[in-house]
Amino acid sequence: MILIKNGNVYSPKFIGKKDILIAGLKIIAIEDSIEINSSDISIETYDAKGKNIYPGFVDAHVHITGGGGEGSYKTRTPEIVLSDIVSAGVTTIVGCLGTDGITRTMTNLLAKAYGLSEEGISTYVYTGSYQIPVKTLTENILSDLVLIEKIIGVGEVALADHRSSAPSIAEVRRLAADARVGGMLSGKAGIVNVHMGDSDELLYIIEEIVKKSDIPITQFLPTHINRNKKLFEAGINYAKKGGYLDFTTSTTKQFLEDGEVSCAKALKRIIDENIDISQITMTSDGQGSLPQFDKNNQLIGLKIGKQESLYRAVVDAVNKYNVPLEDAISTITANPATILKLKNKGFIKLNYDADLVIADQNSFKIESVIAKGIYMVKNNEVVKKGTFE
Ligand code: ZN
């Protein structure tokens, strides 16, 4: 058992100074003070005075098998490794394929997700890639959702992007209908995670489907909404109609200079517009490729999206824009867990999974990370590494 004493607990709502008791995979008590005086039980105590405690982070859009490839074969990014995940405070991950649905496959994605689960974190995947019709693992979207436990939705399908399949409204509508029914039959969210590109089409296709069919706006989770100002403004309107928005945290300085909206600034705007923060998630797009261009638009290098950007965006929102910590942290914990119906994830609650991040209350620096009751990071040191690290 692990007893964490005197931390400032963000559940993600701030619930004050508490003690948290972990047994096995679960949180079994959250009290003002927990004292256990028994020599029969072995208890490890963690002094969390001066520390914040958050639910383990949920990063719901990560290219765990590597992404990229858009600058030919040599630009395919490598697979993610456990220490990159846990050192970023992430304990739950949703893996996805991207532009490349040819050399990256669903079988490979699922195997990588199983591997990461064996190494100690919790994993799920989306079925599909940018392309429509979706190349599924089994016969179709419905059977993928119903038969494969780890598959919780469809994505990332691309819209408004020169790399998309340029699908018709009818094709996307059919896809969303299948995701919805598959979700109903399996008790999952059946969410459609939509990659939004730079084209002026913006959110048009989703909005048309919502207008002209019974598919609710909440069936979709469009991502990269902060990639340019026009899409961001369209996203604000979309959220006012009740839609979910996902902001991407990994970026380069150049993209920000080209008009991308930083996630911290985006969160501030959401609060100012009185949009319910529970509609907002942030994801890292980790392990995807971030191309760098010189002044003449020549490719001069490639970077890889990092998961550490996720929590950095939270800290920036708090430090630079005075976004309340409990709101900012909810976008990478409770909100994705709720929207994606991830059972026992995203909250510090009784009987929920013991996924916790412990960080300094002043510097916000992550000090320890626990996933399913096991230390992944302890006192600033990664103690659980991937199999080949
Ligand atoms: Zn994408």
# chains A, B, ... in the order shown; residues from 1 in each chain; ligands from 1
>>> residues_near_ligand(ligand="ligand 1", cutoff="8 Å", atoms="only C-alpha atoms and all ligand atoms", output="number ranges by chain")
A: 98-99, 130, 156, 158, 194-197, 223-224, 285
>>> residues_around(residues="segment 302-306 of chain A", least_positions_apart="5", cutoff="10 Å", atoms="only C-alpha atoms", output="list in words")
Val62, His63, Gly66, Gly67, Gly68, Gly71, Thr75, Thr77, Pro78, Ile80, Asp84, Ile85, Ala88, Thr248, Thr249, Ser250, Thr251, Thr252, Ser284, Asp285, Gly286, Gln287, Gly288, Ser289, Leu290, Pro291, Gln292 and Phe293 of chain A
>>> write_last_selection(atoms="N, CA and C atoms", output="PDB file, in the first residue's frame")
ATOM      1  N   VAL A  62      -2.076  10.191 -29.668  1.00  0.00           N
ATOM      2  CA  VAL A  62      -0.624   9.997 -29.712  1.00  0.00           C
ATOM      3  C   VAL A  62      -0.293   8.952 -30.775  1.00  0.00           C
ATOM      4  N   HIS A  63       0.721   9.255 -31.565  1.00  0.00           N
ATOM      5  CA  HIS A  63       1.139   8.316 -32.614  1.00  0.00           C
ATOM      6  C   HIS A  63       2.147   7.334 -32.012  1.00  0.00           C
ATOM      7  N   GLY A  66       4.701   5.702 -34.010  1.00  0.00           N
ATOM      8  CA  GLY A  66       5.410   6.655 -34.873  1.00  0.00           C
ATOM      9  C   GLY A  66       4.444   7.189 -35.912  1.00  0.00           C
ATOM     10  N   GLY A  67       4.718   8.398 -36.365  1.00  0.00           N
ATOM     11  CA  GLY A  67       3.851   9.008 -37.379  1.00  0.00           C
ATOM     12  C   GLY A  67       4.703   9.516 -38.519  1.00  0.00           C
ATOM     13  N   GLY A  68       4.243  10.585 -39.107  1.00  0.00           N
ATOM     14  CA  GLY A  68       5.035  11.254 -40.140  1.00  0.00           C
ATOM     15  C   GLY A  68       5.130  10.466 -41.421  1.00  0.00           C
ATOM     16  N   GLY A  71       7.540  13.446 -45.637  1.00  0.00           N
ATOM     17  CA  GLY A  71       8.697  13.886 -46.422  1.00  0.00           C
ATOM     18  C   GLY A  71       9.456  12.668 -46.940  1.00  0.00           C
ATOM     19  N   THR A  75      11.442  10.074 -43.232  1.00  0.00           N
ATOM     20  CA  THR A  75      10.844  10.978 -42.248  1.00  0.00           C
ATOM     21  C   THR A  75       9.785  10.283 -41.378  1.00  0.00           C
ATOM     22  N   THR A  77       8.603   8.740 -38.222  1.00  0.00           N
ATOM     23  CA  THR A  77       9.131   8.906 -36.859  1.00  0.00           C
ATOM     24  C   THR A  77       9.114   7.570 -36.116  1.00  0.00           C
ATOM     25  N   PRO A  78      10.003   7.403 -35.144  1.00  0.00           N
ATOM     26  CA  PRO A  78      10.088   6.126 -34.416  1.00  0.00           C
ATOM     27  C   PRO A  78       8.946   5.915 -33.420  1.00  0.00           C
ATOM     28  N   ILE A  80       7.118   5.320 -29.830  1.00  0.00           N
ATOM     29  CA  ILE A  80       7.282   5.981 -28.539  1.00  0.00           C
ATOM     30  C   ILE A  80       7.856   4.989 -27.523  1.00  0.00           C
ATOM     31  N   ASP A  84       9.328   8.397 -22.074  1.00  0.00           N
ATOM     32  CA  ASP A  84       8.817   9.662 -22.611  1.00  0.00           C
ATOM     33  C   ASP A  84       7.377   9.907 -22.163  1.00  0.00           C
ATOM     34  N   ILE A  85       6.639   8.830 -21.991  1.00  0.00           N
ATOM     35  CA  ILE A  85       5.229   8.933 -21.599  1.00  0.00           C
ATOM     36  C   ILE A  85       5.122   9.285 -20.113  1.00  0.00           C
ATOM     37  N   ALA A  88       6.263  12.578 -18.627  1.00  0.00           N
ATOM     38  CA  ALA A  88       5.355  13.694 -18.925  1.00  0.00           C
ATOM     39  C   ALA A  88       4.105  13.653 -18.045  1.00  0.00           C
ATOM     40  N   THR A 248      -4.025  20.975 -29.756  1.00  0.00           N
ATOM     41  CA  THR A 248      -2.783  20.211 -29.866  1.00  0.00           C
ATOM     42  C   THR A 248      -1.640  20.984 -29.219  1.00  0.00           C
ATOM     43  N   THR A 249      -0.947  20.328 -28.280  1.00  0.00           N
ATOM     44  CA  THR A 249       0.068  21.060 -27.512  1.00  0.00           C
ATOM     45  C   THR A 249       1.461  21.040 -28.137  1.00  0.00           C
ATOM     46  N   SER A 250       1.786  19.998 -28.912  1.00  0.00           N
ATOM     47  CA  SER A 250       3.159  19.970 -29.440  1.00  0.00           C
ATOM     48  C   SER A 250       3.240  20.837 -30.689  1.00  0.00           C
ATOM     49  N   THR A 251       4.258  21.662 -30.745  1.00  0.00           N
ATOM     50  CA  THR A 251       4.372  22.597 -31.855  1.00  0.00           C
ATOM     51  C   THR A 251       5.811  23.082 -31.945  1.00  0.00           C
ATOM     52  N   THR A 252       6.104  23.874 -32.968  1.00  0.00           N
ATOM     53  CA  THR A 252       7.406  24.535 -33.033  1.00  0.00           C
ATOM     54  C   THR A 252       7.155  26.036 -33.026  1.00  0.00           C
ATOM     55  N   SER A 284      -1.270  15.780 -27.006  1.00  0.00           N
ATOM     56  CA  SER A 284       0.082  16.191 -27.416  1.00  0.00           C
ATOM     57  C   SER A 284       0.350  15.964 -28.902  1.00  0.00           C
ATOM     58  N   ASP A 285      -0.423  15.056 -29.554  1.00  0.00           N
ATOM     59  CA  ASP A 285      -0.068  14.628 -30.916  1.00  0.00           C
ATOM     60  C   ASP A 285       1.357  14.050 -30.875  1.00  0.00           C
ATOM     61  N   GLY A 286       1.702  13.484 -29.749  1.00  0.00           N
ATOM     62  CA  GLY A 286       3.053  13.003 -29.509  1.00  0.00           C
ATOM     63  C   GLY A 286       3.515  11.993 -30.542  1.00  0.00           C
ATOM     64  N   GLN A 287       4.809  12.067 -30.838  1.00  0.00           N
ATOM     65  CA  GLN A 287       5.506  11.172 -31.771  1.00  0.00           C
ATOM     66  C   GLN A 287       5.126  11.424 -33.240  1.00  0.00           C
ATOM     67  N   GLY A 288       4.239  12.411 -33.472  1.00  0.00           N
ATOM     68  CA  GLY A 288       4.005  12.861 -34.842  1.00  0.00           C
ATOM     69  C   GLY A 288       5.184  13.711 -35.291  1.00  0.00           C
ATOM     70  N   SER A 289       5.288  13.977 -36.595  1.00  0.00           N
ATOM     71  CA  SER A 289       6.430  14.761 -37.076  1.00  0.00           C
ATOM     72  C   SER A 289       6.082  16.239 -37.136  1.00  0.00           C
ATOM     73  N   LEU A 290       7.042  17.063 -36.781  1.00  0.00           N
ATOM     74  CA  LEU A 290       6.893  18.519 -36.862  1.00  0.00           C
ATOM     75  C   LEU A 290       7.965  19.035 -37.826  1.00  0.00           C
ATOM     76  N   PRO A 291       7.594  19.257 -39.085  1.00  0.00           N
ATOM     77  CA  PRO A 291       8.593  19.702 -40.053  1.00  0.00           C
ATOM     78  C   PRO A 291       9.026  21.136 -39.771  1.00  0.00           C
ATOM     79  N   GLN A 292      10.288  21.426 -40.055  1.00  0.00           N
ATOM     80  CA  GLN A 292      10.779  22.807 -39.911  1.00  0.00           C
ATOM     81  C   GLN A 292      11.236  23.297 -41.276  1.00  0.00           C
ATOM     82  N   PHE A 293      10.841  24.516 -41.625  1.00  0.00           N
ATOM     83  CA  PHE A 293      11.183  25.067 -42.933  1.00  0.00           C
ATOM     84  C   PHE A 293      12.015  26.344 -42.765  1.00  0.00           C
TER      85      PHE A 293
END
>>> select_by_dssp(residues="segment 209-347 of chain A", states="helix (DSSP H, G or I)", output="JSON, numbers by chain")
{"A": [209, 210, 211, 212, 217, 218, 219, 229, 230, 231, 232, 233, 234, 235, 236, 237, 238, 239, 240, 253, 254, 255, 256, 257, 263, 264, 265, 266, 267, 268, 269, 270, 271, 272, 277, 278, 279, 308, 309, 310, 311, 312, 313, 314, 315, 316, 317, 318, 319, 320, 321, 325, 326, 327, 328, 329, 330, 334, 335, 336, 337, 338, 339]}
>>> write_last_selection(atoms="C-alpha atoms", output="PDB file, in the first residue's frame")
ATOM      1  CA  ILE A 209     -24.004  16.425 -40.700  1.00  0.00           C
ATOM      2  CA  VAL A 210     -25.176  17.703 -37.340  1.00  0.00           C
ATOM      3  CA  LYS A 211     -27.702  20.013 -39.025  1.00  0.00           C
ATOM      4  CA  LYS A 212     -29.146  17.409 -41.373  1.00  0.00           C
ATOM      5  CA  ILE A 217     -22.442  17.146 -32.312  1.00  0.00           C
ATOM      6  CA  THR A 218     -20.846  15.305 -29.378  1.00  0.00           C
ATOM      7  CA  GLN A 219     -20.117  12.276 -31.590  1.00  0.00           C
ATOM      8  CA  LYS A 229      -6.626  31.633 -36.297  1.00  0.00           C
ATOM      9  CA  LYS A 230      -9.471  31.010 -38.753  1.00  0.00           C
ATOM     10  CA  LEU A 231     -10.023  27.443 -37.617  1.00  0.00           C
ATOM     11  CA  PHE A 232      -9.753  28.540 -34.001  1.00  0.00           C
ATOM     12  CA  GLU A 233     -12.516  31.146 -34.447  1.00  0.00           C
ATOM     13  CA  ALA A 234     -14.686  28.550 -36.212  1.00  0.00           C
ATOM     14  CA  GLY A 235     -13.984  26.248 -33.258  1.00  0.00           C
ATOM     15  CA  ILE A 236     -15.205  28.846 -30.770  1.00  0.00           C
ATOM     16  CA  ASN A 237     -18.540  29.037 -32.619  1.00  0.00           C
ATOM     17  CA  TYR A 238     -18.690  25.261 -32.860  1.00  0.00           C
ATOM     18  CA  ALA A 239     -18.159  24.905 -29.096  1.00  0.00           C
ATOM     19  CA  LYS A 240     -20.944  27.415 -28.459  1.00  0.00           C
ATOM     20  CA  LYS A 253       8.114  28.222 -32.664  1.00  0.00           C
ATOM     21  CA  GLN A 254       7.631  28.608 -36.389  1.00  0.00           C
ATOM     22  CA  PHE A 255       4.045  27.319 -36.335  1.00  0.00           C
ATOM     23  CA  LEU A 256       3.209  29.738 -33.560  1.00  0.00           C
ATOM     24  CA  GLU A 257       4.693  32.584 -35.616  1.00  0.00           C
ATOM     25  CA  CYS A 263      -2.930  26.144 -26.101  1.00  0.00           C
ATOM     26  CA  ALA A 264      -2.491  28.378 -23.071  1.00  0.00           C
ATOM     27  CA  LYS A 265      -3.969  31.323 -24.963  1.00  0.00           C
ATOM     28  CA  ALA A 266      -6.710  29.107 -26.391  1.00  0.00           C
ATOM     29  CA  LEU A 267      -7.786  28.016 -22.904  1.00  0.00           C
ATOM     30  CA  LYS A 268      -7.915  31.610 -21.732  1.00  0.00           C
ATOM     31  CA  ARG A 269     -10.219  32.447 -24.650  1.00  0.00           C
ATOM     32  CA  ILE A 270     -12.502  29.491 -23.837  1.00  0.00           C
ATOM     33  CA  ILE A 271     -12.921  30.832 -20.292  1.00  0.00           C
ATOM     34  CA  ASP A 272     -13.511  34.394 -21.539  1.00  0.00           C
ATOM     35  CA  ILE A 277     -14.393  23.858 -19.917  1.00  0.00           C
ATOM     36  CA  SER A 278     -15.665  20.257 -19.829  1.00  0.00           C
ATOM     37  CA  GLN A 279     -16.055  20.458 -23.634  1.00  0.00           C
ATOM     38  CA  GLU A 308       5.889  16.847 -22.159  1.00  0.00           C
ATOM     39  CA  SER A 309       4.171  19.668 -24.089  1.00  0.00           C
ATOM     40  CA  LEU A 310       0.846  18.544 -22.591  1.00  0.00           C
ATOM     41  CA  TYR A 311       1.479  19.596 -18.995  1.00  0.00           C
ATOM     42  CA  ARG A 312       3.621  22.527 -20.114  1.00  0.00           C
ATOM     43  CA  ALA A 313       0.507  23.968 -21.805  1.00  0.00           C
ATOM     44  CA  VAL A 314      -1.394  23.621 -18.525  1.00  0.00           C
ATOM     45  CA  VAL A 315       1.353  25.392 -16.596  1.00  0.00           C
ATOM     46  CA  ASP A 316       1.570  28.166 -19.227  1.00  0.00           C
ATOM     47  CA  ALA A 317      -2.196  28.705 -19.073  1.00  0.00           C
ATOM     48  CA  VAL A 318      -1.947  29.127 -15.295  1.00  0.00           C
ATOM     49  CA  ASN A 319       1.227  31.231 -15.217  1.00  0.00           C
ATOM     50  CA  LYS A 320       0.745  33.438 -18.275  1.00  0.00           C
ATOM     51  CA  TYR A 321      -3.042  33.734 -18.532  1.00  0.00           C
ATOM     52  CA  LEU A 325      -5.355  25.333 -12.304  1.00  0.00           C
ATOM     53  CA  GLU A 326      -8.365  23.055 -11.795  1.00  0.00           C
ATOM     54  CA  ASP A 327      -9.802  24.142 -15.165  1.00  0.00           C
ATOM     55  CA  ALA A 328      -6.518  23.813 -17.027  1.00  0.00           C
ATOM     56  CA  ILE A 329      -5.750  20.408 -15.524  1.00  0.00           C
ATOM     57  CA  SER A 330      -9.267  19.110 -16.318  1.00  0.00           C
ATOM     58  CA  ALA A 334     -11.394  14.503 -16.351  1.00  0.00           C
ATOM     59  CA  ASN A 335     -12.528  15.913 -19.701  1.00  0.00           C
ATOM     60  CA  PRO A 336     -10.913  13.391 -22.042  1.00  0.00           C
ATOM     61  CA  ALA A 337     -11.796  10.545 -19.632  1.00  0.00           C
ATOM     62  CA  THR A 338     -15.444  11.621 -19.587  1.00  0.00           C
ATOM     63  CA  ILE A 339     -15.773  12.392 -23.302  1.00  0.00           C
TER      64      ILE A 339
END
>>> closest_residue(among="A:Thr281, A:Ser368, A:Asn344, A:Gln307", to="Ala48 of chain A", atoms="only C-alpha atoms")
A:Ser368
>>> closest_residue(among="A:Arg173, A:Lys372, A:Lys378, A:Lys188", to="Ile121 of chain A", atoms="only C-alpha atoms")
A:Lys372
>>> closest_residue(among="A:Ile36, A:Ile132, A:Gly120, A:Arg104", to="Glu171 of chain A", atoms="only C-alpha atoms")
A:Ile132
>>> residues_around(residues="Gln361 of chain A", least_positions_apart="2", cutoff="7 Å", atoms="only C-alpha atoms", output="MDAnalysis selection string")
chainID A and resid 50:52 359 363:364
>>> write_last_selection(atoms="N, CA and C atoms", output="compact mmCIF listing (two decimals), in the first residue's frame")
# COMPACT_ATOMS: atom_id res chain seq x y z
N GLY A 50 3.41 20.50 0.44
CA GLY A 50 3.93 21.46 -0.55
C GLY A 50 3.82 20.96 -1.98
N LYS A 51 3.07 19.87 -2.17
CA LYS A 51 2.92 19.30 -3.52
C LYS A 51 1.45 19.32 -3.95
N ASN A 52 1.26 19.45 -5.26
CA ASN A 52 -0.07 19.25 -5.84
C ASN A 52 -0.19 17.81 -6.29
N ALA A 359 3.28 16.95 -8.09
CA ALA A 359 4.12 18.03 -8.62
C ALA A 359 4.31 19.11 -7.58
N SER A 363 6.77 25.46 -8.35
CA SER A 363 7.41 25.36 -9.67
C SER A 363 6.58 24.53 -10.65
N PHE A 364 5.60 23.80 -10.13
CA PHE A 364 4.75 22.88 -10.91
C PHE A 364 5.52 21.68 -11.47
>>> closest_residue(among="A:Gly190, A:Gly7, A:Gly56, A:Gly16", to="Ala371 of chain A", atoms="only C-alpha atoms")
A:Gly56
>>> select_by_dssp(residues="segment 256-333 of chain A", states="strand (DSSP E)", output="PyMOL selection string")
chain A and resi 280-283+289-293+299-304
>>> write_last_selection(atoms="N, CA, C and O atoms", output="PDB file, in the first residue's frame")
ATOM      1  N   ILE A 280     -13.659  20.821 -23.481  1.00  0.00           N
ATOM      2  CA  ILE A 280     -12.323  21.049 -24.051  1.00  0.00           C
ATOM      3  C   ILE A 280     -11.326  19.987 -23.591  1.00  0.00           C
ATOM      4  O   ILE A 280     -11.238  19.673 -22.400  1.00  0.00           O
ATOM      5  N   THR A 281     -10.570  19.459 -24.549  1.00  0.00           N
ATOM      6  CA  THR A 281      -9.472  18.565 -24.203  1.00  0.00           C
ATOM      7  C   THR A 281      -8.189  19.090 -24.863  1.00  0.00           C
ATOM      8  O   THR A 281      -8.243  19.852 -25.826  1.00  0.00           O
ATOM      9  N   MET A 282      -7.065  18.660 -24.313  1.00  0.00           N
ATOM     10  CA  MET A 282      -5.778  18.930 -24.965  1.00  0.00           C
ATOM     11  C   MET A 282      -5.068  17.595 -25.147  1.00  0.00           C
ATOM     12  O   MET A 282      -5.134  16.720 -24.278  1.00  0.00           O
ATOM     13  N   THR A 283      -4.402  17.450 -26.277  1.00  0.00           N
ATOM     14  CA  THR A 283      -3.605  16.244 -26.529  1.00  0.00           C
ATOM     15  C   THR A 283      -2.260  16.675 -27.107  1.00  0.00           C
ATOM     16  O   THR A 283      -2.119  17.787 -27.643  1.00  0.00           O
ATOM     17  N   SER A 289       5.288  13.977 -36.595  1.00  0.00           N
ATOM     18  CA  SER A 289       6.430  14.761 -37.076  1.00  0.00           C
ATOM     19  C   SER A 289       6.082  16.239 -37.136  1.00  0.00           C
ATOM     20  O   SER A 289       4.960  16.621 -37.445  1.00  0.00           O
ATOM     21  N   LEU A 290       7.042  17.063 -36.781  1.00  0.00           N
ATOM     22  CA  LEU A 290       6.893  18.519 -36.862  1.00  0.00           C
ATOM     23  C   LEU A 290       7.965  19.035 -37.826  1.00  0.00           C
ATOM     24  O   LEU A 290       9.111  19.217 -37.439  1.00  0.00           O
ATOM     25  N   PRO A 291       7.594  19.257 -39.085  1.00  0.00           N
ATOM     26  CA  PRO A 291       8.593  19.702 -40.053  1.00  0.00           C
ATOM     27  C   PRO A 291       9.026  21.136 -39.771  1.00  0.00           C
ATOM     28  O   PRO A 291       8.242  21.943 -39.277  1.00  0.00           O
ATOM     29  N   GLN A 292      10.288  21.426 -40.055  1.00  0.00           N
ATOM     30  CA  GLN A 292      10.779  22.807 -39.911  1.00  0.00           C
ATOM     31  C   GLN A 292      11.236  23.297 -41.276  1.00  0.00           C
ATOM     32  O   GLN A 292      11.932  22.588 -41.997  1.00  0.00           O
ATOM     33  N   PHE A 293      10.841  24.516 -41.625  1.00  0.00           N
ATOM     34  CA  PHE A 293      11.183  25.067 -42.933  1.00  0.00           C
ATOM     35  C   PHE A 293      12.015  26.344 -42.765  1.00  0.00           C
ATOM     36  O   PHE A 293      11.886  27.048 -41.776  1.00  0.00           O
ATOM     37  N   LEU A 299      12.534  22.430 -46.539  1.00  0.00           N
ATOM     38  CA  LEU A 299      12.597  21.600 -45.335  1.00  0.00           C
ATOM     39  C   LEU A 299      14.024  21.562 -44.795  1.00  0.00           C
ATOM     40  O   LEU A 299      14.948  21.184 -45.510  1.00  0.00           O
ATOM     41  N   ILE A 300      14.198  22.015 -43.566  1.00  0.00           N
ATOM     42  CA  ILE A 300      15.552  22.004 -43.010  1.00  0.00           C
ATOM     43  C   ILE A 300      15.678  21.030 -41.845  1.00  0.00           C
ATOM     44  O   ILE A 300      16.760  20.759 -41.357  1.00  0.00           O
ATOM     45  N   GLY A 301      14.565  20.495 -41.416  1.00  0.00           N
ATOM     46  CA  GLY A 301      14.672  19.526 -40.327  1.00  0.00           C
ATOM     47  C   GLY A 301      13.322  19.049 -39.865  1.00  0.00           C
ATOM     48  O   GLY A 301      12.288  19.571 -40.265  1.00  0.00           O
ATOM     49  N   LEU A 302      13.368  18.040 -39.036  1.00  0.00           N
ATOM     50  CA  LEU A 302      12.135  17.469 -38.505  1.00  0.00           C
ATOM     51  C   LEU A 302      12.285  17.322 -37.007  1.00  0.00           C
ATOM     52  O   LEU A 302      13.326  16.899 -36.524  1.00  0.00           O
ATOM     53  N   LYS A 303      11.232  17.683 -36.307  1.00  0.00           N
ATOM     54  CA  LYS A 303      11.218  17.391 -34.881  1.00  0.00           C
ATOM     55  C   LYS A 303      10.089  16.406 -34.620  1.00  0.00           C
ATOM     56  O   LYS A 303       9.232  16.189 -35.477  1.00  0.00           O
ATOM     57  N   ILE A 304      10.090  15.868 -33.437  1.00  0.00           N
ATOM     58  CA  ILE A 304       9.051  14.908 -33.071  1.00  0.00           C
ATOM     59  C   ILE A 304       8.214  15.515 -31.953  1.00  0.00           C
ATOM     60  O   ILE A 304       8.762  16.073 -30.997  1.00  0.00           O
TER      61      ILE A 304
END
>>> atom_distance(atom1="atom CA of Asn351 of chain A", atom2="atom CA of Lys26 of chain A")
5.6 Å
>>> atom_distance(atom1="atom CA of Glu79 of chain A", atom2="atom CA of Gly95 of chain A")
11.1 Å
>>> closest_residue(among="A:Tyr54, A:Asn140, A:Val9, A:Lys343", to="Gly89 of chain A", atoms="only C-alpha atoms")
A:Tyr54
>>> atom_distance(atom1="atom CA of Val154 of chain A", atom2="atom CA of Ile332 of chain A")
19.7 Å
>>> closest_atom_pairs(of="segment 111-135 of chain A", to="segment 146-152 of chain A", cutoff="6 Å", atoms="only C-alpha atoms", output="CSV")
residue,atom,partner,partner_atom,distance
A:Tyr124,CA,A:Lys150,CA,4.6
A:Val125,CA,A:Ile151,CA,5.0
A:Tyr126,CA,A:Ile151,CA,5.5
>>> write_last_selection(atoms="C-alpha atoms", output="PDB file, in the first residue's frame")
ATOM      1  CA  TYR A 124      -6.642   2.475 -25.923  1.00  0.00           C
ATOM      2  CA  VAL A 125      -6.650   3.020 -29.687  1.00  0.00           C
ATOM      3  CA  TYR A 126      -8.744   4.552 -32.436  1.00  0.00           C
TER       4      TYR A 126
END
>>> residues_around(residues="Glu44 of chain A", least_positions_apart="4", cutoff="7 Å", atoms="only C-alpha atoms", output="PDB file with all heavy atoms, in the first residue's frame")
ATOM      1  N   MET A   1       0.849  -1.207   0.000  1.00  0.00           N
ATOM      2  CA  MET A   1       0.000   0.000   0.000  1.00  0.00           C
ATOM      3  C   MET A   1       0.880   1.251   0.000  1.00  0.00           C
ATOM      4  O   MET A   1       1.980   1.248   0.543  1.00  0.00           O
ATOM      5  CB  MET A   1      -0.882   0.023   1.252  1.00  0.00           C
ATOM      6  CG  MET A   1      -1.984  -1.016   1.201  1.00  0.00           C
ATOM      7  SD  MET A   1      -3.420  -0.483   2.141  1.00  0.00           S
ATOM      8  CE  MET A   1      -3.426  -1.683   3.413  1.00  0.00           C
ATOM      9  N   ILE A   2       0.343   2.279  -0.605  1.00  0.00           N
ATOM     10  CA  ILE A   2       1.039   3.566  -0.590  1.00  0.00           C
ATOM     11  C   ILE A   2       0.126   4.593   0.077  1.00  0.00           C
ATOM     12  O   ILE A   2      -1.050   4.705  -0.283  1.00  0.00           O
ATOM     13  CB  ILE A   2       1.392   4.043  -2.017  1.00  0.00           C
ATOM     14  CG1 ILE A   2       2.264   3.011  -2.747  1.00  0.00           C
ATOM     15  CG2 ILE A   2       2.085   5.409  -1.984  1.00  0.00           C
ATOM     16  CD1 ILE A   2       2.514   3.339  -4.215  1.00  0.00           C
ATOM     17  N   LEU A   3       0.661   5.319   1.040  1.00  0.00           N
ATOM     18  CA  LEU A   3      -0.103   6.385   1.704  1.00  0.00           C
ATOM     19  C   LEU A   3       0.555   7.723   1.368  1.00  0.00           C
ATOM     20  O   LEU A   3       1.703   7.967   1.726  1.00  0.00           O
ATOM     21  CB  LEU A   3      -0.121   6.150   3.221  1.00  0.00           C
ATOM     22  CG  LEU A   3      -0.800   7.227   4.068  1.00  0.00           C
ATOM     23  CD1 LEU A   3      -2.254   7.415   3.670  1.00  0.00           C
ATOM     24  CD2 LEU A   3      -0.705   6.877   5.560  1.00  0.00           C
TER      25      LEU A   3
END
